[in-house]
Amino acid sequence: MQQLEAVRKKIATTGDLLSVVKTMKALAAVNLRHFENAAKGVGEYAEVIEQGWTVFFRNAGILSRGLRKDVAVVLAIGSDQGMCGQFNELARVETVKVVDEMRSAGQKVICWTCGERLRGALEDSGIEVDLNFRVPGSLRGVNSVVDEIEQHLGEWRNKRGMNRFSIVNNLHISNGAKVAARHILPLNKRSGSMEWDGKCLPMTNVPIHDLFSSLFSEYLYISVYGGIVQSLAAENSFRLAAMQVAEKNIIEHVESLESEYRTTRQGNITGELLDIVAGVEAVVGG
């Protein structure tokens, strides 16, 4: 009976675990849809900003640059939570690669992270993390994290001569895992190259420096925001896949426990029947 009770407790515990996994699976699916939609919207708005740069550079030319100090900041976006497979490991590998390439080019690289787990992984790889930001749990929390990152970027640009900024984050794609390393600054490496649909470029009465300031602020904000929501979509995709595997394994384990329970119960019943038969035979024989 003790063995039978032990198996029954295992089945109950495993069933509770299965309920938790199913709940996490459902949450990951819902969050994935929200962050997918946000990432799509960010992509569309980023195209508008890119068109703005195209108009700006063709009308205004290139603004003079300040003193170049070759100070680069790399923002690596990971997770604060586990149970998302190789999500943080992929980001770690790509970040180490980017940092090594920049250092080989003679740049002083400062590494920031968004996510405690990625921070720990990078520090284990020998990369010192200067700042770590929390990973927002919902779309509502993304704005405050982006604002915080932007504030620190402004301080580093104005006081420490930072002139290069890159973002490393996982992407959610349908045919597998992918990590993107995007060089956001300096601008002349990638902005203003979009073809303009139409014969004439728009004109504006806004002073050049004011227009640049507005575009730059929007560009920086949407770049960081986009990196975070893309990473969150990928994280929930990884977690959904992990929960699907866990659910399958737990169901198989429950079936195995239930088979063990039936076998043990049948063995106990058989043993009790044999004891009864033996007792009857002893009485009759006596």
# chains A, B, ... in the order shown; residues from 1 in each chain; ligands from 1

$ select_by_dssp --residues "stretch 11-96 of chain A" --states "strand (DSSP E or B)" --output "ChimeraX atom specification"
/A:71-77

$ residues_around --residues "A:Glu218" --least-positions-apart "4" --cutoff "12 Å" --atoms "only C-alpha atoms" --output "number ranges by chain"
A: 42, 45-50, 52-53, 146-147, 150, 211-214, 222-226

$ closest_residue --among "A:His209, A:Glu123, A:Asn88, A:Tyr221" --to "A:Asn143" --atoms "only C-alpha atoms"
A:Tyr221

$ closest_residue --among "A:Leu122, A:Cys114, A:Ile184, A:Val168" --to "A:Pro136" --atoms "only C-alpha atoms"
A:Cys114

$ residues_around --residues "A:Ala180" --least-positions-apart "3" --cutoff "9 Å" --atoms "only C-alpha atoms" --output "list in words"
Ala91, Glu94, Ile167, Val168, Asn169, Asn170, Leu171 and Gly227 of chain A

$ atom_distance --atom1 "atom CA of A:Ile149" --atom2 "atom CA of A:Ser237"
24.7 Å

$ select_by_dssp --residues "stretch 36-207 of chain A" --states "alpha helix (DSSP H)" --output "VMD selection string"
chain A and resid 36 to 60 87 to 104 116 to 124 142 to 159

$ decode --residues "stretch 102-137 of chain A" --atoms "N, CA and C atoms" --output "compact mmCIF listing (two decimals), in the first residue's frame"
# COMPACT_ATOMS: atom_id res chain seq x y z
N MET A 102 34.88 44.93 -32.41
CA MET A 102 35.07 46.35 -32.15
C MET A 102 36.39 46.62 -31.45
N ARG A 103 36.72 45.78 -30.50
CA ARG A 103 37.98 45.96 -29.78
C ARG A 103 39.17 45.73 -30.71
N SER A 104 39.04 44.79 -31.63
CA SER A 104 40.11 44.55 -32.60
C SER A 104 40.32 45.75 -33.50
N ALA A 105 39.23 46.53 -33.71
CA ALA A 105 39.32 47.74 -34.53
C ALA A 105 39.83 48.94 -33.74
N GLY A 106 40.20 48.74 -32.49
CA GLY A 106 40.77 49.81 -31.68
C GLY A 106 39.77 50.65 -30.92
N GLN A 107 38.55 50.19 -30.80
CA GLN A 107 37.53 50.95 -30.10
C GLN A 107 37.43 50.53 -28.63
N LYS A 108 37.12 51.50 -27.80
CA LYS A 108 36.84 51.21 -26.40
C LYS A 108 35.36 50.83 -26.30
N VAL A 109 35.09 49.60 -25.90
CA VAL A 109 33.72 49.09 -25.91
C VAL A 109 33.15 49.02 -24.50
N ILE A 110 31.98 49.61 -24.33
CA ILE A 110 31.23 49.54 -23.09
C ILE A 110 30.01 48.66 -23.34
N CYS A 111 29.82 47.68 -22.49
CA CYS A 111 28.71 46.74 -22.70
C CYS A 111 27.59 47.00 -21.69
N TRP A 112 26.38 47.16 -22.21
CA TRP A 112 25.17 47.24 -21.39
C TRP A 112 24.30 46.03 -21.69
N THR A 113 23.51 45.62 -20.72
CA THR A 113 22.60 44.51 -20.95
C THR A 113 21.18 44.88 -20.51
N CYS A 114 20.25 44.18 -21.08
CA CYS A 114 18.85 44.26 -20.66
C CYS A 114 18.45 42.83 -20.32
N GLY A 115 18.54 42.49 -19.03
CA GLY A 115 18.26 41.12 -18.61
C GLY A 115 19.37 40.55 -17.74
N GLU A 116 19.00 40.13 -16.54
CA GLU A 116 19.98 39.62 -15.57
C GLU A 116 20.66 38.34 -16.05
N ARG A 117 19.92 37.48 -16.73
CA ARG A 117 20.50 36.21 -17.15
C ARG A 117 21.57 36.41 -18.22
N LEU A 118 21.34 37.32 -19.14
CA LEU A 118 22.36 37.60 -20.15
C LEU A 118 23.55 38.31 -19.52
N ARG A 119 23.27 39.16 -18.56
CA ARG A 119 24.37 39.84 -17.87
C ARG A 119 25.30 38.82 -17.23
N GLY A 120 24.74 37.86 -16.52
CA GLY A 120 25.55 36.83 -15.89
C GLY A 120 26.34 36.01 -16.90
N ALA A 121 25.70 35.69 -18.03
CA ALA A 121 26.37 34.89 -19.05
C ALA A 121 27.55 35.65 -19.66
N LEU A 122 27.38 36.94 -19.89
CA LEU A 122 28.46 37.74 -20.47
C LEU A 122 29.61 37.90 -19.48
N GLU A 123 29.29 38.12 -18.22
CA GLU A 123 30.34 38.25 -17.22
C GLU A 123 31.10 36.95 -17.06
N ASP A 124 30.42 35.82 -17.19
CA ASP A 124 31.10 34.53 -17.16
C ASP A 124 32.03 34.36 -18.36
N SER A 125 31.73 35.09 -19.46
CA SER A 125 32.56 35.04 -20.66
C SER A 125 33.70 36.06 -20.61
N GLY A 126 33.81 36.78 -19.50
CA GLY A 126 34.89 37.74 -19.34
C GLY A 126 34.60 39.14 -19.82
N ILE A 127 33.32 39.44 -20.12
CA ILE A 127 32.94 40.78 -20.56
C ILE A 127 32.29 41.53 -19.41
N GLU A 128 32.88 42.62 -19.00
CA GLU A 128 32.33 43.41 -17.90
C GLU A 128 31.11 44.19 -18.38
N VAL A 129 30.06 44.13 -17.61
CA VAL A 129 28.82 44.83 -17.95
C VAL A 129 28.72 46.09 -17.12
N ASP A 130 28.68 47.24 -17.79
CA ASP A 130 28.68 48.53 -17.10
C ASP A 130 27.31 48.86 -16.52
N LEU A 131 26.23 48.57 -17.28
CA LEU A 131 24.87 48.86 -16.83
C LEU A 131 23.96 47.69 -17.20
N ASN A 132 22.99 47.43 -16.34
CA ASN A 132 21.99 46.42 -16.65
C ASN A 132 20.60 47.03 -16.43
N PHE A 133 19.72 46.81 -17.39
CA PHE A 133 18.35 47.31 -17.32
C PHE A 133 17.40 46.13 -17.19
N ARG A 134 16.29 46.36 -16.52
CA ARG A 134 15.31 45.29 -16.35
C ARG A 134 14.60 45.02 -17.67
N VAL A 135 14.12 43.81 -17.81
CA VAL A 135 13.34 43.44 -18.99
C VAL A 135 11.87 43.68 -18.69
N PRO A 136 11.18 44.52 -19.47
CA PRO A 136 9.76 44.77 -19.19
C PRO A 136 8.93 43.51 -19.38
N GLY A 137 7.93 43.35 -18.53
CA GLY A 137 7.07 42.18 -18.62
C GLY A 137 5.89 42.35 -19.54
